[in-house]
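Coordinates as given in work07.pdb (PDB, C-alpha atoms, pLDDT in the B column):
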ATOM      1  CA  MET A   1      61.579 -51.121  69.125  1.00 56.00           C
ATOM      2  CA  SER A   2      65.230 -51.073  70.105  1.00 62.00           C
ATOM      3  CA  MET A   3      67.612 -53.904  69.395  1.00 70.00           C
ATOM      4  CA  PRO A   4      67.926 -56.184  72.421  1.00 75.00           C
ATOM      5  CA  PRO A   5      71.414 -57.293  73.439  1.00 87.00           C
ATOM      6  CA  LEU A   6      72.614 -60.313  71.494  1.00 94.00           C
ATOM      7  CA  ASP A   7      73.480 -63.596  73.184  1.00 95.00           C
ATOM      8  CA  PRO A   8      75.986 -65.751  71.255  1.00 94.00           C
ATOM      9  CA  LYS A   9      74.365 -68.888  72.700  1.00 96.00           C
ATOM     10  CA  LEU A  10      70.901 -67.944  71.415  1.00 96.00           C
ATOM     11  CA  ASP A  11      71.368 -65.659  68.423  1.00 97.00           C
ATOM     12  CA  LEU A  12      72.700 -66.248  64.906  1.00 97.00           C
ATOM     13  CA  VAL A  13      74.053 -63.319  62.886  1.00 97.00           C
ATOM     14  CA  LEU A  14      74.867 -62.854  59.205  1.00 97.00           C
ATOM     15  CA  GLU A  15      76.459 -59.508  58.348  1.00 96.00           C
ATOM     16  CA  ARG A  16      77.714 -58.383  54.977  1.00 97.00           C
ATOM     17  CA  VAL A  17      78.150 -55.298  52.800  1.00 97.00           C
ATOM     18  CA  VAL A  18      76.304 -55.763  49.501  1.00 98.00           C
ATOM     19  CA  ASP A  19      76.474 -53.769  46.293  1.00 97.00           C
ATOM     20  CA  VAL A  20      72.791 -52.984  45.960  1.00 97.00           C
ATOM     21  CA  SER A  21      71.076 -49.976  47.509  1.00 97.00           C
ATOM     22  CA  PRO A  22      69.076 -50.096  50.735  1.00 98.00           C
ATOM     23  CA  ARG A  23      65.972 -49.344  48.631  1.00 97.00           C
ATOM     24  CA  LEU A  24      66.515 -52.476  46.529  1.00 98.00           C
ATOM     25  CA  VAL A  25      67.254 -54.674  49.564  1.00 98.00           C
ATOM     26  CA  TRP A  26      64.014 -53.361  51.101  1.00 98.00           C
ATOM     27  CA  ARG A  27      61.993 -54.081  47.974  1.00 98.00           C
ATOM     28  CA  ALA A  28      63.463 -57.600  47.819  1.00 98.00           C
ATOM     29  CA  TRP A  29      62.227 -58.286  51.360  1.00 98.00           C
ATOM     30  CA  THR A  30      58.850 -56.549  51.148  1.00 98.00           C
ATOM     31  CA  GLU A  31      57.417 -57.203  47.678  1.00 98.00           C
ATOM     32  CA  PRO A  32      56.244 -60.812  47.182  1.00 97.00           C
ATOM     33  CA  GLU A  33      57.011 -60.840  43.454  1.00 97.00           C
ATOM     34  CA  HIS A  34      60.651 -60.065  44.281  1.00 98.00           C
ATOM     35  CA  LEU A  35      60.991 -62.157  47.451  1.00 97.00           C
ATOM     36  CA  MET A  36      59.833 -65.292  45.631  1.00 97.00           C
ATOM     37  CA  LYS A  37      62.789 -64.994  43.210  1.00 97.00           C
ATOM     38  CA  TRP A  38      65.549 -65.296  45.829  1.00 97.00           C
ATOM     39  CA  PHE A  39      64.243 -66.273  49.285  1.00 95.00           C
ATOM     40  CA  CYS A  40      65.372 -69.910  49.521  1.00 91.00           C
ATOM     41  CA  PRO A  41      68.599 -71.422  48.233  1.00 91.00           C
ATOM     42  CA  ARG A  42      68.266 -73.039  44.808  1.00 93.00           C
ATOM     43  CA  PRO A  43      67.313 -75.637  43.718  1.00 95.00           C
ATOM     44  CA  TRP A  44      64.503 -75.022  46.239  1.00 94.00           C
ATOM     45  CA  ALA A  45      61.900 -72.455  45.140  1.00 96.00           C
ATOM     46  CA  THR A  46      59.541 -70.117  46.961  1.00 96.00           C
ATOM     47  CA  VAL A  47      56.130 -70.852  45.459  1.00 96.00           C
ATOM     48  CA  GLU A  48      53.879 -68.745  47.680  1.00 96.00           C
ATOM     49  CA  CYS A  49      54.374 -65.547  49.653  1.00 97.00           C
ATOM     50  CA  ARG A  50      52.020 -63.294  51.566  1.00 97.00           C
ATOM     51  CA  ILE A  51      53.186 -59.976  52.982  1.00 97.00           C
ATOM     52  CA  ASP A  52      50.986 -57.595  54.958  1.00 98.00           C
ATOM     53  CA  LEU A  53      53.680 -55.002  55.648  1.00 98.00           C
ATOM     54  CA  ARG A  54      52.639 -53.487  58.961  1.00 98.00           C
ATOM     55  CA  PRO A  55      53.147 -54.335  62.631  1.00 98.00           C
ATOM     56  CA  GLY A  56      50.781 -57.235  63.310  1.00 97.00           C
ATOM     57  CA  GLY A  57      50.671 -58.087  59.597  1.00 97.00           C
ATOM     58  CA  GLU A  58      51.346 -61.503  58.115  1.00 96.00           C
ATOM     59  CA  PHE A  59      54.637 -62.778  56.680  1.00 96.00           C
ATOM     60  CA  TYR A  60      54.195 -66.208  55.080  1.00 95.00           C
ATOM     61  CA  THR A  61      56.184 -68.300  52.618  1.00 95.00           C
ATOM     62  CA  LYS A  62      55.829 -71.761  51.102  1.00 95.00           C
ATOM     63  CA  MET A  63      58.822 -73.506  49.577  1.00 94.00           C
ATOM     64  CA  ARG A  64      59.084 -76.409  47.124  1.00 95.00           C
ATOM     65  CA  SER A  65      61.873 -78.980  47.179  1.00 95.00           C
ATOM     66  CA  PRO A  66      63.654 -80.098  44.002  1.00 96.00           C
ATOM     67  CA  GLU A  67      61.515 -83.271  44.245  1.00 97.00           C
ATOM     68  CA  GLY A  68      58.324 -81.195  44.144  1.00 96.00           C
ATOM     69  CA  VAL A  69      57.392 -81.470  47.829  1.00 95.00           C
ATOM     70  CA  ASP A  70      55.838 -78.309  49.296  1.00 94.00           C
ATOM     71  CA  MET A  71      56.881 -77.149  52.754  1.00 89.00           C
ATOM     72  CA  ASP A  72      55.607 -74.208  54.750  1.00 85.00           C
ATOM     73  CA  GLY A  73      58.449 -71.750  55.151  1.00 77.00           C
ATOM     74  CA  GLY A  74      56.524 -70.542  58.101  1.00 76.00           C
ATOM     75  CA  ALA A  75      53.862 -68.156  59.146  1.00 83.00           C
ATOM     76  CA  GLY A  76      54.933 -65.104  61.032  1.00 92.00           C
ATOM     77  CA  CYS A  77      53.974 -61.682  62.249  1.00 96.00           C
ATOM     78  CA  TYR A  78      55.734 -58.390  61.619  1.00 98.00           C
ATOM     79  CA  LEU A  79      56.728 -56.615  64.799  1.00 97.00           C
ATOM     80  CA  GLU A  80      58.445 -53.563  63.343  1.00 97.00           C
ATOM     81  CA  VAL A  81      58.578 -52.011  59.887  1.00 98.00           C
ATOM     82  CA  VAL A  82      60.934 -49.079  59.247  1.00 97.00           C
ATOM     83  CA  PRO A  83      61.133 -48.533  55.467  1.00 97.00           C
ATOM     84  CA  GLU A  84      64.564 -49.209  53.969  1.00 97.00           C
ATOM     85  CA  ARG A  85      66.155 -49.641  57.411  1.00 97.00           C
ATOM     86  CA  ARG A  86      64.612 -52.319  59.639  1.00 97.00           C
ATOM     87  CA  LEU A  87      62.257 -55.257  59.320  1.00 97.00           C
ATOM     88  CA  VAL A  88      61.447 -57.413  62.346  1.00 97.00           C
ATOM     89  CA  TRP A  89      59.165 -60.434  62.417  1.00 96.00           C
ATOM     90  CA  THR A  90      58.655 -63.517  64.541  1.00 96.00           C
ATOM     91  CA  SER A  91      57.568 -67.072  63.899  1.00 92.00           C
ATOM     92  CA  ALA A  92      56.120 -67.196  67.435  1.00 93.00           C
ATOM     93  CA  LEU A  93      53.131 -65.056  66.435  1.00 94.00           C
ATOM     94  CA  GLY A  94      50.714 -65.098  63.555  1.00 92.00           C
ATOM     95  CA  PRO A  95      48.803 -62.209  62.008  1.00 93.00           C
ATOM     96  CA  GLY A  96      47.283 -59.867  64.570  1.00 95.00           C
ATOM     97  CA  TYR A  97      49.879 -60.974  67.151  1.00 95.00           C
ATOM     98  CA  ARG A  98      48.006 -64.276  67.646  1.00 93.00           C
ATOM     99  CA  PRO A  99      50.356 -66.758  69.429  1.00 92.00           C
ATOM    100  CA  LEU A 100      51.320 -69.796  67.366  1.00 87.00           C
ATOM    101  CA  ALA A 101      51.976 -73.251  68.736  1.00 80.00           C
ATOM    102  CA  ALA A 102      55.342 -74.712  67.823  1.00 71.00           C
ATOM    103  CA  GLN A 103      55.344 -78.239  66.464  1.00 72.00           C
ATOM    104  CA  PRO A 104      57.780 -80.627  68.189  1.00 71.00           C
ATOM    105  CA  GLU A 105      60.213 -80.565  65.246  1.00 71.00           C
ATOM    106  CA  GLU A 106      60.142 -76.751  64.937  1.00 78.00           C
ATOM    107  CA  PHE A 107      61.877 -73.915  66.715  1.00 83.00           C
ATOM    108  CA  LEU A 108      60.543 -70.393  67.029  1.00 90.00           C
ATOM    109  CA  PHE A 109      62.645 -67.324  66.370  1.00 93.00           C
ATOM    110  CA  THR A 110      62.517 -63.585  65.886  1.00 95.00           C
ATOM    111  CA  ALA A 111      64.292 -62.206  62.825  1.00 96.00           C
ATOM    112  CA  TYR A 112      65.816 -58.779  62.364  1.00 97.00           C
ATOM    113  CA  ILE A 113      66.819 -57.500  58.936  1.00 97.00           C
ATOM    114  CA  LEU A 114      68.859 -54.336  59.386  1.00 97.00           C
ATOM    115  CA  ILE A 115      69.809 -52.241  56.363  1.00 97.00           C
ATOM    116  CA  GLU A 116      72.237 -49.318  56.480  1.00 96.00           C
ATOM    117  CA  PRO A 117      73.549 -47.203  53.597  1.00 97.00           C
ATOM    118  CA  GLN A 118      77.197 -48.021  52.877  1.00 96.00           C
ATOM    119  CA  GLY A 119      78.685 -46.137  49.945  1.00 95.00           C
ATOM    120  CA  SER A 120      76.583 -47.019  46.899  1.00 94.00           C
ATOM    121  CA  GLY A 121      75.473 -50.259  48.561  1.00 97.00           C
ATOM    122  CA  ALA A 122      74.174 -51.393  51.913  1.00 98.00           C
ATOM    123  CA  LYS A 123      75.372 -52.973  55.115  1.00 97.00           C
ATOM    124  CA  TYR A 124      73.034 -55.935  55.584  1.00 97.00           C
ATOM    125  CA  THR A 125      72.598 -57.632  58.949  1.00 96.00           C
ATOM    126  CA  ALA A 126      70.285 -60.597  59.501  1.00 96.00           C
ATOM    127  CA  ILE A 127      69.769 -61.800  63.061  1.00 97.00           C
ATOM    128  CA  ALA A 128      67.794 -64.856  64.162  1.00 96.00           C
ATOM    129  CA  MET A 129      67.056 -64.758  67.897  1.00 96.00           C
ATOM    130  CA  HIS A 130      66.012 -68.000  69.622  1.00 94.00           C
ATOM    131  CA  SER A 131      64.416 -68.707  72.992  1.00 90.00           C
ATOM    132  CA  ASP A 132      66.820 -71.491  73.899  1.00 92.00           C
ATOM    133  CA  GLU A 133      70.179 -72.962  72.940  1.00 95.00           C
ATOM    134  CA  ALA A 134      68.571 -76.059  71.401  1.00 92.00           C
ATOM    135  CA  GLY A 135      66.631 -73.934  68.895  1.00 91.00           C
ATOM    136  CA  ALA A 136      69.678 -71.864  68.000  1.00 94.00           C
ATOM    137  CA  LYS A 137      71.782 -75.001  67.587  1.00 95.00           C
ATOM    138  CA  ARG A 138      69.143 -76.652  65.406  1.00 92.00           C
ATOM    139  CA  HIS A 139      68.882 -73.544  63.207  1.00 93.00           C
ATOM    140  CA  GLU A 140      72.688 -73.381  62.905  1.00 95.00           C
ATOM    141  CA  GLU A 141      72.882 -77.105  62.058  1.00 93.00           C
ATOM    142  CA  MET A 142      70.172 -76.650  59.410  1.00 89.00           C
ATOM    143  CA  GLY A 143      72.643 -74.315  57.718  1.00 90.00           C
ATOM    144  CA  PHE A 144      71.740 -70.800  58.856  1.00 93.00           C
ATOM    145  CA  GLN A 145      75.011 -69.223  57.674  1.00 94.00           C
ATOM    146  CA  HIS A 146      75.153 -71.077  54.370  1.00 94.00           C
ATOM    147  CA  GLY A 147      71.417 -70.918  53.636  1.00 93.00           C
ATOM    148  CA  TRP A 148      70.822 -67.293  54.596  1.00 94.00           C
ATOM    149  CA  GLY A 149      74.137 -66.330  52.958  1.00 96.00           C
ATOM    150  CA  THR A 150      73.229 -68.101  49.711  1.00 96.00           C
ATOM    151  CA  ALA A 151      69.783 -66.476  49.751  1.00 95.00           C
ATOM    152  CA  LEU A 152      71.445 -63.076  50.237  1.00 97.00           C
ATOM    153  CA  ASP A 153      73.717 -63.731  47.243  1.00 97.00           C
ATOM    154  CA  GLN A 154      70.600 -64.609  45.220  1.00 97.00           C
ATOM    155  CA  LEU A 155      68.858 -61.415  46.453  1.00 97.00           C
ATOM    156  CA  VAL A 156      71.802 -59.280  45.307  1.00 97.00           C
ATOM    157  CA  ASP A 157      72.108 -61.003  41.916  1.00 97.00           C
ATOM    158  CA  TYR A 158      68.356 -60.775  41.283  1.00 97.00           C
ATOM    159  CA  MET A 159      67.905 -57.168  42.444  1.00 96.00           C
ATOM    160  CA  LYS A 160      70.710 -56.033  40.121  1.00 96.00           C
ATOM    161  CA  THR A 161      68.334 -57.005  37.283  1.00 95.00           C
ATOM    162  CA  VAL A 162      65.336 -55.049  38.635  1.00 92.00           C
TER
END

Please go through the file and, once you have read it, give me the structure as structure tokens.
Amino acid sequence: MSMPPLDPKLDLVLERVVDVSPRLVWRAWTEPEHLMKWFCPRPWATVECRIDLRPGGEFYTKMRSPEGVDMDGGAGCYLEVVPERRLVWTSALGPGYRPLAAQPEEFLFTAYILIEPQGSGAKYTAIAMHSDEAGAKRHEEMGFQHGWGTALDQLVDYMKTV
């Protein structure tokens, strides 16, 4: 699957060079025991994670608020899996490419995690592609840059201990 052209009105991008290897970034994203340690910004916690790492496989997380309220982080379906380089999933589909219905308060998106070797670390690019400007705006207002950036900082700090 090639990368479609980005649209600044529909797509949110976080790009950074991190000082952990592509292999460790990959493991952080693809092994539930690691993903649960960093995936949502503290003081929130990821309390459940299911990963069926193959195209059509499930990607699911459940998060818990500081007050103890559980919230689905979302069900999704992997579209592309290229070890240590590229991970693509969407919240528009469930396992087996089964279409999901969006709830009125939700927005659907497709996420790309791109990992490239950069010295002893990795160039990390996260892209969230939305179907309309309202969804992109809502995701941005929810704190895409801060939230995904904080989670990436947590990923790097945690994976340095693995």

| Between A:Ile127, A:Val47, A:Val69, A:Ile115, which one has atoms that come closest to Thr90 (chain A), using all atoms listed in the file? |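 Checking each of A:Ile127, A:Val47, A:Val69, A:Ile115 against Thr90 (chain A), counting all atoms listed in the file, the winner is A:Ile127.
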
| How would you write, as a list of chain:residue names, the residues chosen by the PyMOL selection byres ((chain A and resi 59) around 9) on this structure? |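 In the shown coordinates, the PyMOL selection byres ((chain A and resi 59) around 9) covers A:Cys49, A:Arg50, A:Ile51, A:Asp52, A:Leu53, A:Gly57, A:Glu58, A:Tyr60, A:Thr61, A:Gly74, A:Ala75, A:Gly76, A:Cys77, A:Tyr78, A:Trp89, A:Thr90, A:Ser91, A:Gly94, A:Pro95.
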
| said: Ranking A:Met36, A:Val81, A:Leu152, A:Ala101 by minimum distance to Val17 (chain A) and counting only C-alpha atoms, which one comes first? | reply: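 Counting only C-alpha atoms, the residue closest to Val17 (chain A) is A:Leu152.
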
| message | Distance cut-off 7 Å, centre (64.5, -69.7, 63.5) in file coordinates, counting all atoms listed in the file: which residues qualify? Return them as a list in words. | response |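 Selection result: Phe107, Leu108, Phe109, Thr110, Ala128, His130 and His139 of chain A.
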
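We find CA of Lys9 (chain A) and CA of Tyr112 (chain A) to be spaced 16.8 Å apart.
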
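Between CA of Thr161 (chain A) and CA of Ala111 (chain A) the separation is 26.4 Å.
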
| query | Taking (65.0, -56.9, 56.7) in the file's coordinates, which residues come within 6 Å, counting only C-alpha atoms, written as a list in words? | reply | Arg86, Leu87, Ile113 and Leu114 of chain A

| Ground truth for the PyMOL selection byres ((chain A and resi 16) around 6), written as a ChimeraX atom specification | /A:15,17,123-124

| message | Residues within 10 Å of Val18 (chain A), please, as a list in words. Count only C-alpha atoms; anything in the same chain fewer than 6 positions from it doesn't count. | response | Val25, Pro117, Gln118, Gly119, Ser120, Gly121, Ala122, Lys123, Tyr124, Leu152, Asp153, Leu155 and Val156 of chain A

| remark: In terms of all atoms listed in the file, the residue from A:Arg138, A:Leu79, A:Trp44, A:Gly96 at minimal distance from Lys62 (chain A) is A:Trp44

| field | Two-atom distance - CA of Leu14 (chain A), CA of Met129 (chain A) (Å) | value | 11.8 Å
